[in-house]
$ cat input-v7.cif   # mmCIF, C-alpha atoms
data_final
loop_
_atom_site.label_atom_id
_atom_site.label_comp_id
_atom_site.auth_asym_id
_atom_site.auth_seq_id
_atom_site.Cartn_x
_atom_site.Cartn_y
_atom_site.Cartn_z
CA MET A 1 33.08 73.75 150.68
CA SER A 2 33.14 71.14 147.91
CA GLU A 3 29.79 69.84 149.13
CA TYR A 4 27.88 72.81 147.67
CA VAL A 5 26.25 72.64 144.25
CA ARG A 6 28.46 75.40 142.82
CA PRO A 7 31.45 75.35 145.15
CA GLU A 8 33.64 77.47 142.86
CA VAL A 9 31.90 80.69 143.98
CA LEU A 10 33.19 80.36 147.55
CA VAL A 11 36.84 80.76 148.44
CA SER A 12 38.48 80.44 151.85
CA CYS A 13 40.53 83.08 153.67
CA GLU A 14 43.52 80.84 153.01
CA TRP A 15 42.85 80.98 149.26
CA VAL A 16 42.67 84.78 149.40
CA GLU A 17 45.88 84.96 151.42
CA GLN A 18 47.65 82.90 148.77
CA ASN A 19 46.12 84.52 145.71
CA ARG A 20 45.82 88.17 146.69
CA THR A 21 49.14 89.04 145.06
CA ARG A 22 47.93 87.79 141.67
CA VAL A 23 46.89 91.36 141.00
CA ASP A 24 46.82 90.95 137.21
CA ASN A 25 43.72 88.80 137.31
CA VAL A 26 42.43 88.68 140.89
CA ARG A 27 40.81 91.64 142.58
CA ILE A 28 39.69 91.53 146.21
CA VAL A 29 36.73 93.84 146.87
CA GLU A 30 35.55 94.86 150.34
CA SER A 31 31.90 95.81 150.65
CA ASP A 32 30.58 96.70 154.12
CA GLU A 33 27.54 98.02 155.85
CA ASP A 34 29.84 100.44 157.66
CA LEU A 35 31.18 103.30 155.57
CA LEU A 36 34.55 103.49 157.36
CA LEU A 37 35.48 99.91 158.03
CA TYR A 38 37.71 99.66 154.95
CA GLU A 39 39.59 102.79 156.03
CA SER A 40 40.11 101.33 159.49
CA GLY A 41 42.02 98.41 157.95
CA HIS A 42 41.48 95.88 155.16
CA ILE A 43 43.03 92.89 153.42
CA PRO A 44 46.26 94.08 151.76
CA GLY A 45 45.52 94.80 148.12
CA ALA A 46 41.74 95.00 148.55
CA VAL A 47 39.72 97.84 147.02
CA LYS A 48 36.59 99.39 148.50
CA LEU A 49 33.12 99.39 147.02
CA ASP A 50 30.36 101.09 148.99
CA TRP A 51 26.79 99.93 148.51
CA VAL A 52 25.37 103.45 148.80
CA SER A 53 27.88 105.88 147.40
CA ASP A 54 29.21 103.56 144.66
CA LEU A 55 26.49 101.12 143.67
CA GLN A 56 23.34 103.18 144.07
CA ASP A 57 22.27 106.00 141.81
CA ALA A 58 22.28 109.29 143.72
CA VAL A 59 18.96 110.50 142.30
CA VAL A 60 16.78 107.65 141.06
CA ARG A 61 16.10 104.72 143.38
CA ASP A 62 18.06 102.20 141.36
CA TYR A 63 21.52 100.88 140.75
CA VAL A 64 23.98 103.03 138.89
CA GLY A 65 23.73 102.87 135.11
CA ARG A 66 25.94 100.82 132.84
CA GLU A 67 28.43 103.57 132.14
CA LYS A 68 28.89 104.47 135.79
CA PHE A 69 29.33 100.80 136.64
CA GLN A 70 32.00 100.40 133.97
CA GLN A 71 33.79 103.47 135.28
CA LEU A 72 33.65 102.20 138.89
CA LEU A 73 35.22 98.92 137.90
CA GLU A 74 37.83 100.38 135.60
CA GLU A 75 38.96 102.77 138.36
CA ARG A 76 39.53 99.76 140.60
CA GLY A 77 41.53 97.97 137.95
CA ILE A 78 38.81 95.43 137.20
CA SER A 79 38.33 94.10 133.67
CA ASN A 80 35.77 91.71 132.21
CA ASP A 81 38.04 88.72 132.74
CA SER A 82 39.02 89.57 136.35
CA THR A 83 38.29 87.16 139.15
CA VAL A 84 36.51 89.33 141.70
CA VAL A 85 36.43 88.12 145.31
CA PHE A 86 33.99 89.90 147.61
CA TYR A 87 34.18 90.05 151.37
CA GLY A 88 32.74 92.29 154.06
CA ASP A 89 31.22 92.75 157.49
CA LYS A 90 28.08 91.22 158.97
CA ASN A 91 28.38 87.67 157.57
CA ASN A 92 29.16 88.96 154.08
CA TRP A 93 25.70 90.44 153.81
CA TRP A 94 26.95 93.41 151.76
CA ALA A 95 29.51 91.32 149.92
CA CYS A 96 26.59 89.24 148.59
CA TYR A 97 24.76 92.44 147.67
CA ALA A 98 27.77 93.60 145.63
CA PHE A 99 28.10 90.10 144.12
CA TRP A 100 24.44 90.28 143.04
CA ALA A 101 24.94 93.76 141.52
CA PHE A 102 27.97 92.49 139.57
CA LYS A 103 25.84 89.64 138.21
CA LEU A 104 23.21 92.17 137.20
CA PHE A 105 25.85 93.71 134.92
CA GLY A 106 26.95 90.28 133.70
CA HIS A 107 30.30 89.91 135.44
CA LYS A 108 31.40 86.31 134.92
CA ASP A 109 33.86 85.35 137.64
CA CYS A 110 32.53 86.47 141.04
CA ARG A 111 33.40 84.75 144.32
CA VAL A 112 32.73 85.33 147.99
CA MET A 113 35.35 84.85 150.69
CA ASN A 114 33.62 82.49 153.11
CA GLY A 115 33.43 84.05 156.58
CA GLY A 116 34.19 87.59 155.39
CA ARG A 117 36.01 90.15 157.53
CA LYS A 118 35.10 88.39 160.73
CA LYS A 119 36.83 85.13 159.83
CA TRP A 120 39.84 86.94 158.36
CA GLU A 121 40.24 88.81 161.65
CA LEU A 122 39.61 85.70 163.76
CA GLU A 123 42.41 83.97 161.90
CA LYS A 124 44.64 86.99 162.61
CA ARG A 125 45.57 87.47 158.98
CA PRO A 126 47.28 90.67 157.82
CA MET A 127 45.41 93.98 157.59
CA THR A 128 46.58 97.31 156.25
CA ARG A 129 45.40 100.87 155.81
CA GLU A 130 47.31 101.27 152.59
CA VAL A 131 45.03 101.90 149.62
CA PRO A 132 46.33 100.07 146.54
CA LYS A 133 46.62 101.64 143.10
CA TYR A 134 46.07 99.48 140.05
CA PRO A 135 46.39 100.21 136.36
CA ARG A 136 43.00 101.17 134.95
CA GLY A 137 40.91 98.19 133.87
CA SER A 138 39.00 97.84 130.65
CA TYR A 139 35.36 97.06 131.20
CA ARG A 140 32.29 96.59 129.09
CA ALA A 141 29.23 95.91 131.23
CA GLU A 142 26.35 93.85 129.96
CA ASP A 143 22.96 95.51 129.67
CA PRO A 144 21.27 94.72 133.03
CA LYS A 145 18.10 93.90 131.10
CA ILE A 146 19.74 90.59 130.18
CA ALA A 147 20.27 89.33 133.74
CA THR A 148 17.18 91.00 135.23
CA PRO A 149 14.62 88.28 134.37
CA ARG A 150 16.83 85.71 136.07
CA ILE A 151 17.86 87.48 139.26
CA ARG A 152 15.77 90.59 139.85
CA ALA A 153 12.07 90.99 140.54
CA PHE A 154 10.19 94.26 140.41
CA ARG A 155 6.96 94.95 142.27
CA ASP A 156 4.59 93.90 139.45
CA GLU A 157 6.32 90.55 139.10
CA THR A 158 6.28 90.13 142.86
CA LEU A 159 2.56 90.88 142.95
CA ALA A 160 1.91 88.35 140.16
CA HIS A 161 4.08 85.85 142.04
CA CYS A 162 2.01 86.43 145.18
CA HIS A 163 -1.28 86.00 143.32
CA ALA A 164 0.04 82.81 141.68
CA LYS A 165 0.94 81.53 145.18
CA LYS A 166 4.51 80.84 144.14
CA PRO A 167 7.19 80.67 146.85
CA LEU A 168 8.25 83.91 148.51
CA ILE A 169 10.89 84.11 151.22
CA ASP A 170 10.89 86.97 153.71
CA VAL A 171 14.36 87.15 155.23
CA ARG A 172 13.76 89.98 157.73
CA SER A 173 13.61 89.49 161.48
CA PRO A 174 10.56 87.76 162.98
CA GLY A 175 9.35 91.13 164.35
CA GLU A 176 9.46 92.73 160.94
CA PHE A 177 7.73 89.72 159.38
CA SER A 178 4.89 89.62 161.88
CA GLY A 179 4.37 93.37 161.67
CA GLU A 180 5.11 93.89 165.34
CA LEU A 181 8.13 96.16 164.96
CA GLN A 182 6.38 99.41 164.27
CA HIS A 183 4.27 98.87 167.35
CA MET A 184 7.28 98.83 169.63
CA PRO A 185 8.30 102.09 171.25
CA ASP A 186 11.73 103.46 170.39
CA TYR A 187 12.23 101.25 167.38
CA PRO A 188 13.59 102.85 164.23
CA GLN A 189 11.04 104.10 161.79
CA GLU A 190 11.31 101.50 159.10
CA GLY A 191 10.39 103.95 156.38
CA SER A 192 7.21 102.09 155.53
CA LEU A 193 3.64 103.12 156.18
CA ARG A 194 2.46 99.55 156.68
CA THR A 195 4.00 96.59 158.48
CA GLY A 196 3.64 92.87 157.93
CA HIS A 197 4.66 90.69 155.00
CA ILE A 198 3.66 89.72 151.48
CA PRO A 199 0.85 87.15 151.74
CA GLY A 200 2.13 83.61 151.39
CA ALA A 201 5.74 84.49 152.20
CA LYS A 202 7.66 82.15 154.49
CA SER A 203 9.87 83.65 157.16
CA VAL A 204 13.50 82.53 157.11
CA PRO A 205 15.67 85.25 158.67
CA TRP A 206 18.76 85.68 156.50
CA ALA A 207 21.35 85.06 159.23
CA LYS A 208 20.07 81.51 159.71
CA ALA A 209 22.18 80.61 156.68
CA CYS A 210 25.38 81.51 158.54
CA ASN A 211 27.52 80.14 161.34
CA GLU A 212 28.89 82.12 164.29
CA ASP A 213 32.21 82.72 162.51
CA GLY A 214 30.46 84.27 159.51
CA THR A 215 30.85 81.25 157.20
CA PHE A 216 27.91 79.66 155.43
CA LYS A 217 26.28 76.66 157.03
CA SER A 218 26.90 73.26 155.48
CA ARG A 219 24.85 72.10 152.52
CA GLU A 220 23.06 69.62 154.73
CA GLU A 221 22.08 72.31 157.25
CA LEU A 222 20.98 74.69 154.48
CA GLU A 223 18.88 71.96 152.90
CA LYS A 224 17.27 71.26 156.24
CA LEU A 225 16.41 74.93 156.56
CA TYR A 226 15.17 75.76 153.05
CA LEU A 227 14.04 72.38 151.72
CA GLY A 228 12.94 70.80 154.98
CA GLU A 229 11.49 73.53 157.20
CA CYS A 230 10.51 75.83 154.36
CA GLY A 231 9.41 73.18 151.88
CA LEU A 232 11.18 74.61 148.85
CA LYS A 233 12.47 72.60 145.89
CA PRO A 234 15.53 73.56 143.82
CA SER A 235 13.29 73.64 140.74
CA ASP A 236 10.99 76.26 142.34
CA ASP A 237 10.69 79.80 141.05
CA VAL A 238 11.50 81.79 144.21
CA ILE A 239 11.44 85.48 145.09
CA ALA A 240 13.37 86.63 148.17
CA TYR A 241 12.94 90.02 149.79
CA CYS A 242 13.86 91.96 152.91
CA ARG A 243 13.75 95.68 153.60
CA ILE A 244 15.76 97.08 150.71
CA GLY A 245 17.01 93.93 149.01
CA GLU A 246 20.35 93.62 150.78
CA ARG A 247 19.82 90.84 153.30
CA SER A 248 17.89 88.93 150.64
CA SER A 249 20.98 89.02 148.37
CA LEU A 250 22.63 86.68 150.86
CA THR A 251 19.65 84.32 150.74
CA TRP A 252 19.65 84.61 146.94
CA PHE A 253 23.34 83.65 146.96
CA ALA A 254 22.83 80.67 149.28
CA LEU A 255 19.87 79.28 147.32
CA THR A 256 21.34 79.88 143.87
CA TYR A 257 24.93 78.82 144.35
CA LEU A 258 25.14 76.71 147.46
CA LEU A 259 21.94 74.75 146.88
CA GLY A 260 21.68 75.07 143.08
CA PHE A 261 18.20 76.57 142.80
CA GLU A 262 17.34 77.24 139.17
CA ARG A 263 15.56 80.55 139.54
CA VAL A 264 15.76 82.82 142.53
CA ARG A 265 15.04 86.50 142.12
CA ASN A 266 15.78 89.27 144.56
CA TYR A 267 12.97 91.79 144.98
CA ASP A 268 15.16 94.80 145.64
CA GLY A 269 12.26 97.19 146.19
CA SER A 270 11.42 94.92 149.10
CA TRP A 271 9.48 96.12 152.14
CA THR A 272 10.35 99.80 151.80
CA GLU A 273 8.46 99.66 148.49
CA TRP A 274 5.75 97.09 149.25
CA GLY A 275 4.90 98.60 152.64
CA ASN A 276 4.25 101.95 150.96
CA LEU A 277 2.31 100.80 147.90
CA VAL A 278 -1.36 101.63 147.74
CA GLY A 279 -3.69 98.66 147.51
CA VAL A 280 -1.27 95.73 147.54
CA PRO A 281 -2.15 92.78 149.77
CA ILE A 282 -0.44 92.52 153.15
CA GLU A 283 -0.62 89.87 155.81
CA ARG A 284 0.03 90.73 159.44
CA THR A 285 0.34 88.01 162.04
CA TYR A 286 1.02 90.32 164.95
CA LEU A 287 -2.03 91.35 166.92
CA PRO A 288 -1.56 94.53 168.93
CA LYS A 289 -2.76 94.43 172.51
CA LYS A 290 -5.93 96.41 172.97
CA MET B 1 31.18 129.20 168.48
CA THR B 2 30.22 125.94 170.19
CA ARG B 3 32.50 122.89 170.01
CA LEU B 4 29.94 121.21 167.74
CA GLU B 5 29.99 124.17 165.36
CA GLN B 6 33.79 124.02 165.35
CA ILE B 7 33.74 120.32 164.46
CA ILE B 8 31.16 120.88 161.71
CA ALA B 9 33.29 123.70 160.30
CA GLU B 10 36.32 121.42 160.37
CA PHE B 11 34.46 118.85 158.25
CA GLU B 12 33.14 121.48 155.87
CA GLY B 13 36.65 122.46 154.87
CA LEU B 14 37.62 118.96 153.75
CA ASP B 15 37.12 116.81 150.67
CA TYR B 16 35.20 113.55 150.95
CA GLN B 17 38.14 111.23 151.60
CA GLU B 18 39.54 113.61 154.23
CA ARG B 19 36.14 113.70 155.92
CA LEU B 20 36.21 109.93 156.22
CA GLU B 21 39.69 110.08 157.71
CA LEU B 22 38.66 112.71 160.24
CA LEU B 23 35.63 110.62 161.21
CA LEU B 24 37.96 107.64 161.66
CA ASP B 25 40.20 109.79 163.91
CA PHE B 26 37.19 110.61 166.04
CA SER B 27 36.21 106.94 166.23
CA GLU B 28 39.64 106.17 167.64
CA ARG B 29 39.41 108.98 170.19
CA LEU B 30 36.28 107.73 171.95
CA PRO B 31 37.52 106.95 175.47
CA GLU B 32 37.64 103.30 176.54
CA LEU B 33 34.74 102.35 178.73
CA GLY B 34 35.63 102.09 182.43
CA GLU B 35 33.86 100.39 185.32
CA PRO B 36 31.05 100.23 186.31
CA TYR B 37 29.90 100.96 182.76
CA ARG B 38 31.63 97.97 181.27
CA ALA B 39 29.79 95.53 183.52
CA GLN B 40 26.50 97.22 182.67
CA ARG B 41 27.25 97.02 178.95
CA ASP B 42 28.16 93.34 179.22
CA ALA B 43 24.86 92.77 180.98
CA GLY B 44 23.14 94.35 177.97
CA LEU B 45 22.04 97.46 179.83
CA HIS B 46 21.97 100.96 178.34
CA ARG B 47 21.90 99.72 174.76
CA ILE B 48 19.89 102.01 172.58
CA PRO B 49 17.42 100.11 170.43
CA GLU B 50 17.17 102.63 167.60
CA CYS B 51 20.45 101.64 166.05
CA MET B 52 21.24 98.32 164.37
CA THR B 53 24.82 98.68 165.63
CA PRO B 54 25.33 98.00 169.35
CA VAL B 55 25.48 101.52 170.84
CA PHE B 56 25.52 102.02 174.61
CA LEU B 57 24.85 105.43 176.15
CA TRP B 58 24.81 106.75 179.70
CA ILE B 59 23.32 110.21 179.71
CA ASP B 60 23.00 112.40 182.75
CA VAL B 61 22.74 116.01 183.83
CA ILE B 62 24.73 116.85 186.97
CA ASP B 63 24.87 120.41 188.36
CA ASP B 64 23.33 121.67 185.14
CA ARG B 65 26.07 120.08 183.03
CA VAL B 66 25.54 117.31 180.51
CA ARG B 67 27.49 114.14 181.00
CA ILE B 68 27.64 111.46 178.29
CA VAL B 69 29.49 108.17 178.47
CA ALA B 70 29.33 106.00 175.36
CA ASP B 71 30.49 102.75 173.90
CA VAL B 72 30.27 101.51 170.32
CA ALA B 73 31.65 98.28 168.89
CA PRO B 74 34.93 98.74 166.99
CA GLU B 75 33.46 96.99 163.95
CA ALA B 76 31.19 100.00 163.45
CA PRO B 77 33.70 102.86 163.11
CA THR B 78 31.23 105.15 161.31
CA VAL B 79 28.75 105.13 164.18
CA LYS B 80 31.59 105.14 166.69
CA GLY B 81 33.14 108.23 165.08
CA PHE B 82 29.81 110.04 165.11
CA VAL B 83 29.09 109.16 168.74
CA SER B 84 32.60 110.29 169.64
CA ILE B 85 31.86 113.67 168.04
CA LEU B 86 28.66 114.01 170.08
CA VAL B 87 30.50 113.08 173.29
CA GLU B 88 33.27 115.57 172.60
CA ALA B 89 30.83 118.32 171.60
CA TRP B 90 28.30 117.93 174.36
CA ASN B 91 30.11 116.64 177.43
CA GLY B 92 30.16 119.41 180.04
CA VAL B 93 27.85 121.85 178.26
CA VAL B 94 24.60 123.17 179.67
CA PRO B 95 21.45 121.25 178.60
CA ALA B 96 20.21 124.23 176.60
CA GLU B 97 23.20 123.92 174.28
CA VAL B 98 22.28 120.33 173.41
CA ALA B 99 18.67 121.35 172.88
CA ALA B 100 19.72 124.21 170.60
CA SER B 101 22.02 122.02 168.46
CA PRO B 102 20.84 121.25 164.94
CA PRO B 103 19.20 117.83 164.41
CA ASP B 104 20.89 117.24 161.04
CA ILE B 105 24.53 117.21 162.10
CA LEU B 106 25.64 114.61 159.53
CA ARG B 107 24.17 116.66 156.70
CA LEU B 108 25.97 119.75 157.95
CA MET B 109 29.19 117.72 158.10
CA GLY B 110 28.73 116.88 154.42
CA LEU B 111 28.32 113.14 154.94
CA ALA B 112 24.58 112.58 154.52
CA HIS B 113 24.52 111.85 150.79
CA LYS B 114 27.36 109.34 151.03
CA LEU B 115 25.81 107.57 154.01
CA GLY B 116 22.39 107.12 152.45
CA MET B 117 19.01 107.06 154.15
CA THR B 118 19.33 103.71 155.93
CA ARG B 119 22.52 104.56 157.78
CA LEU B 120 21.40 108.12 158.45
CA ARG B 121 18.22 107.03 160.12
CA GLY B 122 20.03 105.04 162.78
CA MET B 123 22.61 107.74 163.42
CA ASN B 124 20.13 110.60 163.56
CA SER B 125 18.14 108.64 166.09
CA ILE B 126 21.17 108.73 168.41
CA VAL B 127 21.01 112.53 168.32
CA GLN B 128 17.30 112.44 169.09
CA ARG B 129 17.86 110.00 171.94
CA ILE B 130 20.53 112.18 173.59
CA LYS B 131 18.48 115.34 173.15
CA ARG B 132 15.44 113.69 174.68
CA GLU B 133 17.28 112.24 177.67
CA VAL B 134 19.14 115.48 178.35
CA SER B 135 15.83 117.32 178.26
CA ASP B 136 14.18 114.76 180.57
CA ARG B 137 17.04 114.81 183.04
CA SER B 138 17.53 118.54 183.14
CA GLY B 139 14.10 118.77 184.72
CA SER B 140 13.09 121.77 182.70
CA ALA B 141 11.03 121.83 179.59
CA VAL B 142 13.87 122.45 177.19
CA PRO B 143 12.52 122.48 173.67
CA THR B 144 14.19 119.96 171.36
CA ASN B 145 14.31 120.52 167.68
#
$ encode --input "input-v7.cif" --output "structure tokens"
Amino acid sequence: MSEYVRPEVLVSCEWVEQNRTRVDNVRIVESDEDLLLYESGHIPGAVKLDWVSDLQDAVVRDYVGREKFQQLLEERGISNDSTVVFYGDKNNWWACYAFWAFKLFGHKDCRVMNGGRKKWELEKRPMTREVPKYPRGSYRAEDPKIATPRIRAFRDETLAHCHAKKPLIDVRSPGEFSGELQHMPDYPQEGSLRTGHIPGAKSVPWAKACNEDGTFKSREELEKLYLGECGLKPSDDVIAYCRIGERSSLTWFALTYLLGFERVRNYDGSWTEWGNLVGVPIERTYLPKK
Amino acid sequence: MTRLEQIIAEFEGLDYQERLELLLDFSERLPELGEPYRAQRDAGLHRIPECMTPVFLWIDVIDDRVRIVADVAPEAPTVKGFVSILVEAWNGVVPAEVAASPPDILRLMGLAHKLGMTRLRGMNSIVQRIKREVSDRSGSAVPTN
């Protein structure tokens, strides 16, 4: 993993196995797509953080506020100086989402366990159903306004970015990108009134950044994908998006930390916002059969 | 009281953490898939496309009784628990009982707000799929709600 530009943000399963008992300053956090996976068994000592019921505000479409975030972390025994290691299901997709949210509130030492749950299980490492109890942490979250210009894009910025023809990465599946999906019978209603993508966006499905075992691809392979095929440069100002900003957190993570891009923002309104906005430009490459 | 109503009532009486544990219990009670279903699943047949999680359903109506066989990957215990509830509630009932069941089971179980819209959409579509297939296979125009 030393090959990456900022290798310190990735730790191996072996590292977690050896450091998980350092409970005074290391906290392992599981964040999954599935609501019950943590309950079905987790890394001994790990705490759960759910992307819906913990990280999202129940009323407004946004993250929880600063106070709620502080409370969440303190309850899990996390303080400002804690090393927080995220892991989860589906190639760490939700672990990267939680990582991104922690950065939004200015948490300094965040890491991702390379390979996530899948690799931990493949290596037959210990799992438990026991929920740990830690002494309450002491947390003061940064105002998210500070990190926002660096890592988060709202719709107006995304629109300006599109008009300025700056690089946009669409990390959804090829069917979602082309606009075909809603034309297929029996497919889930995507919650958007229009299909297609933001004009000028390049399609790089998020999972292309990962190997079969859930780990990230090598720096060389990632460079081939994003720099070669996609034509990006690490000095580019990039906005990544997907459907609700979760899959694009993984792409944000790979570009920012593994390849050292200077400015990548995650458009967390993503397609469920863009595809419902009145009057914004949309490109559709799929042509329905007459 | 139908079996589904009983299960919903069981969830209603619990706090949030207990609800998760009960759902996990259900996920572990879904019977192992036997042959010939396993071969069909491995060949990619009977997968329902509405759900991001691999969910496989065999739905039939025999002698006016609903029969559901299901398989869900163990790495998706939430969906697996919910499918297990539907199998337990609806296996062996008359098609009209499925048709008359509420469409918003997860909300009635008190889990909707914790699941969020994205997860709910996939799981509710499983209910719709079963209702539709039961209606189609029962040969009568059973209204679905």
$ interface_residues --input "input-v7.cif" --of "chain A" --to "chain B" --cutoff "12 Å" --atoms "all atoms listed in the file" --output "MDAnalysis selection string"
chainID A and resid 32:42 50:59 61 88:90 117:118 121 129 131 181:182 184:191 243:244 246 272
$ residues_around --input "input-v7.cif" --residues "A:Pro132" --least-positions-apart "2" --cutoff "10 Å" --atoms "only C-alpha atoms" --output "PyMOL selection string"
chain A and resi 44-48+76+129-130+134
$ write_last_selection --input "input-v7.cif" --atoms "C-alpha atoms" --output "compact mmCIF listing (two decimals), in the frame of the given file"
# COMPACT_ATOMS: atom_id res chain seq x y z
CA PRO A 44 46.26 94.08 151.76
CA GLY A 45 45.52 94.80 148.12
CA ALA A 46 41.74 95.00 148.55
CA VAL A 47 39.72 97.84 147.02
CA LYS A 48 36.59 99.39 148.50
CA ARG A 76 39.53 99.76 140.60
CA ARG A 129 45.40 100.87 155.81
CA GLU A 130 47.31 101.27 152.59
CA TYR A 134 46.07 99.48 140.05
$ resolve_selection --input "input-v7.cif" --expression "the PyMOL selection byres ((chain B and resi 58) around 6)" --output "number ranges by chain"
B: 57, 59, 68-69
$ residues_around --input "input-v7.cif" --residues "stretch 204-218 of chain A" --least-positions-apart "4" --cutoff "8 Å" --atoms "only C-alpha atoms" --output "VMD selection string"
chain A and resid 1 3 to 4 90 to 92 114 to 116 118 to 119 169 to 174 222 230 247 to 248 250 to 251 254
$ closest_residue --input "input-v7.cif" --among "B:Val83, B:Ile62, B:Ala100, B:Val93" --to "B:Arg3" --atoms "only C-alpha atoms"
B:Val93
$ resolve_selection --input "input-v7.cif" --expression "the PyMOL selection byres ((chain A and resi 264) around 6)" --output "CSV table (one decimal) with C-alpha atoms, in the coordinates of the input"
chain,number,residue,atom,x,y,z
A,238,VAL,CA,11.5,81.8,144.2
A,239,ILE,CA,11.4,85.5,145.1
A,263,ARG,CA,15.6,80.6,139.5
A,265,ARG,CA,15.0,86.5,142.1
$ atom_distance --input "input-v7.cif" --atom1 "atom CA of B:Leu111" --atom2 "atom CA of B:Phe26"
14.4 Å
$ closest_residue --input "input-v7.cif" --among "A:Val5, A:Ala160, A:Val84, A:Cys96" --to "A:Lys108" --atoms "only C-alpha atoms"
A:Val84
$ atom_distance --input "input-v7.cif" --atom1 "atom CA of B:Met109" --atom2 "atom CA of B:Val94"
22.7 Å
$ residues_near_point --input "input-v7.cif" --point "(32.6, 123.2, 166.1)" --cutoff "12 Å" --atoms "only C-alpha atoms" --output "list of chain:residue names"
B:Met1, B:Thr2, B:Arg3, B:Leu4, B:Glu5, B:Gln6, B:Ile7, B:Ile8, B:Ala9, B:Glu10, B:Phe11, B:Glu12, B:Gly13, B:Ile85, B:Leu86, B:Glu88, B:Ala89, B:Trp90, B:Ser101, B:Pro102, B:Ile105, B:Leu108, B:Met109
$ closest_residue --input "input-v7.cif" --among "A:Ala141, A:Ile146, A:Val112, A:Leu73" --to "A:Leu258" --atoms "all atoms listed in the file"
A:Val112
$ residues_around --input "input-v7.cif" --residues "B:Val66" --least-positions-apart "4" --cutoff "10 Å" --atoms "only C-alpha atoms" --output "number ranges by chain"
B: 59-62, 87, 90-98, 130, 134-135, 137-138
$ write_last_selection --input "input-v7.cif" --atoms "C-alpha atoms" --output "PDB file, keeping the file's coordinate frame"
ATOM      1  CA  ILE B  59      23.320 110.210 179.710  1.00  0.00           C
ATOM      2  CA  ASP B  60      23.000 112.400 182.750  1.00  0.00           C
ATOM      3  CA  VAL B  61      22.740 116.010 183.830  1.00  0.00           C
ATOM      4  CA  ILE B  62      24.730 116.850 186.970  1.00  0.00           C
ATOM      5  CA  VAL B  87      30.500 113.080 173.290  1.00  0.00           C
ATOM      6  CA  TRP B  90      28.300 117.930 174.360  1.00  0.00           C
ATOM      7  CA  ASN B  91      30.110 116.640 177.430  1.00  0.00           C
ATOM      8  CA  GLY B  92      30.160 119.410 180.040  1.00  0.00           C
ATOM      9  CA  VAL B  93      27.850 121.850 178.260  1.00  0.00           C
ATOM     10  CA  VAL B  94      24.600 123.170 179.670  1.00  0.00           C
ATOM     11  CA  PRO B  95      21.450 121.250 178.600  1.00  0.00           C
ATOM     12  CA  ALA B  96      20.210 124.230 176.600  1.00  0.00           C
ATOM     13  CA  GLU B  97      23.200 123.920 174.280  1.00  0.00           C
ATOM     14  CA  VAL B  98      22.280 120.330 173.410  1.00  0.00           C
ATOM     15  CA  ILE B 130      20.530 112.180 173.590  1.00  0.00           C
ATOM     16  CA  VAL B 134      19.140 115.480 178.350  1.00  0.00           C
ATOM     17  CA  SER B 135      15.830 117.320 178.260  1.00  0.00           C
ATOM     18  CA  ARG B 137      17.040 114.810 183.040  1.00  0.00           C
ATOM     19  CA  SER B 138      17.530 118.540 183.140  1.00  0.00           C
TER      20      SER B 138
END
$ closest_residue --input "input-v7.cif" --among "B:Glu18, B:Asp64, B:Glu32, B:Asp71" --to "B:His46" --atoms "all atoms listed in the file"
B:Asp71
$ atom_distance --input "input-v7.cif" --atom1 "atom CA of A:Ala101" --atom2 "atom CA of A:Asp268"
10.7 Å
$ closest_residue --input "input-v7.cif" --among "A:Pro167, A:Gly200, A:Gly65, A:Gly175" --to "A:Pro144" --atoms "only C-alpha atoms"
A:Gly65
$ resolve_selection --input "input-v7.cif" --expression "the PyMOL selection byres ((chain A and resi 162) around 10)" --output "list of chain:residue names"
A:Asp156, A:Glu157, A:Thr158, A:Leu159, A:Ala160, A:His161, A:His163, A:Ala164, A:Lys165, A:Lys166, A:Pro167, A:Leu168, A:Ile198, A:Pro199, A:Gly200, A:Ala201, A:Ile239, A:Pro281
$ closest_residue --input "input-v7.cif" --among "A:Gly179, A:Gly77, A:Pro7, A:Gly137" --to "A:Arg111" --atoms "only C-alpha atoms"
A:Pro7
$ residues_near_point --input "input-v7.cif" --point "(46.1, 88.4, 155.7)" --cutoff "10 Å" --atoms "all atoms listed in the file" --output "list in words"
Cys13, Glu14, Val16, Glu17, Gln18, Arg20, His42, Ile43, Pro44, Gly45, Trp120, Glu121, Glu123, Lys124, Arg125, Pro126, Met127 and Thr128 of chain A
$ write_last_selection --input "input-v7.cif" --atoms "C-alpha atoms" --output "tab-separated table (two decimals), in the coordinates of the input"
chain	number	residue	atom	x	y	z
A	13	CYS	CA	40.53	83.08	153.67
A	14	GLU	CA	43.52	80.84	153.01
A	16	VAL	CA	42.67	84.78	149.40
A	17	GLU	CA	45.88	84.96	151.42
A	18	GLN	CA	47.65	82.90	148.77
A	20	ARG	CA	45.82	88.17	146.69
A	42	HIS	CA	41.48	95.88	155.16
A	43	ILE	CA	43.03	92.89	153.42
A	44	PRO	CA	46.26	94.08	151.76
A	45	GLY	CA	45.52	94.80	148.12
A	120	TRP	CA	39.84	86.94	158.36
A	121	GLU	CA	40.24	88.81	161.65
A	123	GLU	CA	42.41	83.97	161.90
A	124	LYS	CA	44.64	86.99	162.61
A	125	ARG	CA	45.57	87.47	158.98
A	126	PRO	CA	47.28	90.67	157.82
A	127	MET	CA	45.41	93.98	157.59
A	128	THR	CA	46.58	97.31	156.25
$ residues_around --input "input-v7.cif" --residues "A:Asp109" --least-positions-apart "5" --cutoff "8 Å" --atoms "only C-alpha atoms" --output "MDAnalysis selection string"
chainID A and resid 81:84
$ write_last_selection --input "input-v7.cif" --atoms "C-alpha atoms" --output "CSV table (one decimal), in the coordinates of the input"
chain,number,residue,atom,x,y,z
A,81,ASP,CA,38.0,88.7,132.7
A,82,SER,CA,39.0,89.6,136.4
A,83,THR,CA,38.3,87.2,139.2
A,84,VAL,CA,36.5,89.3,141.7
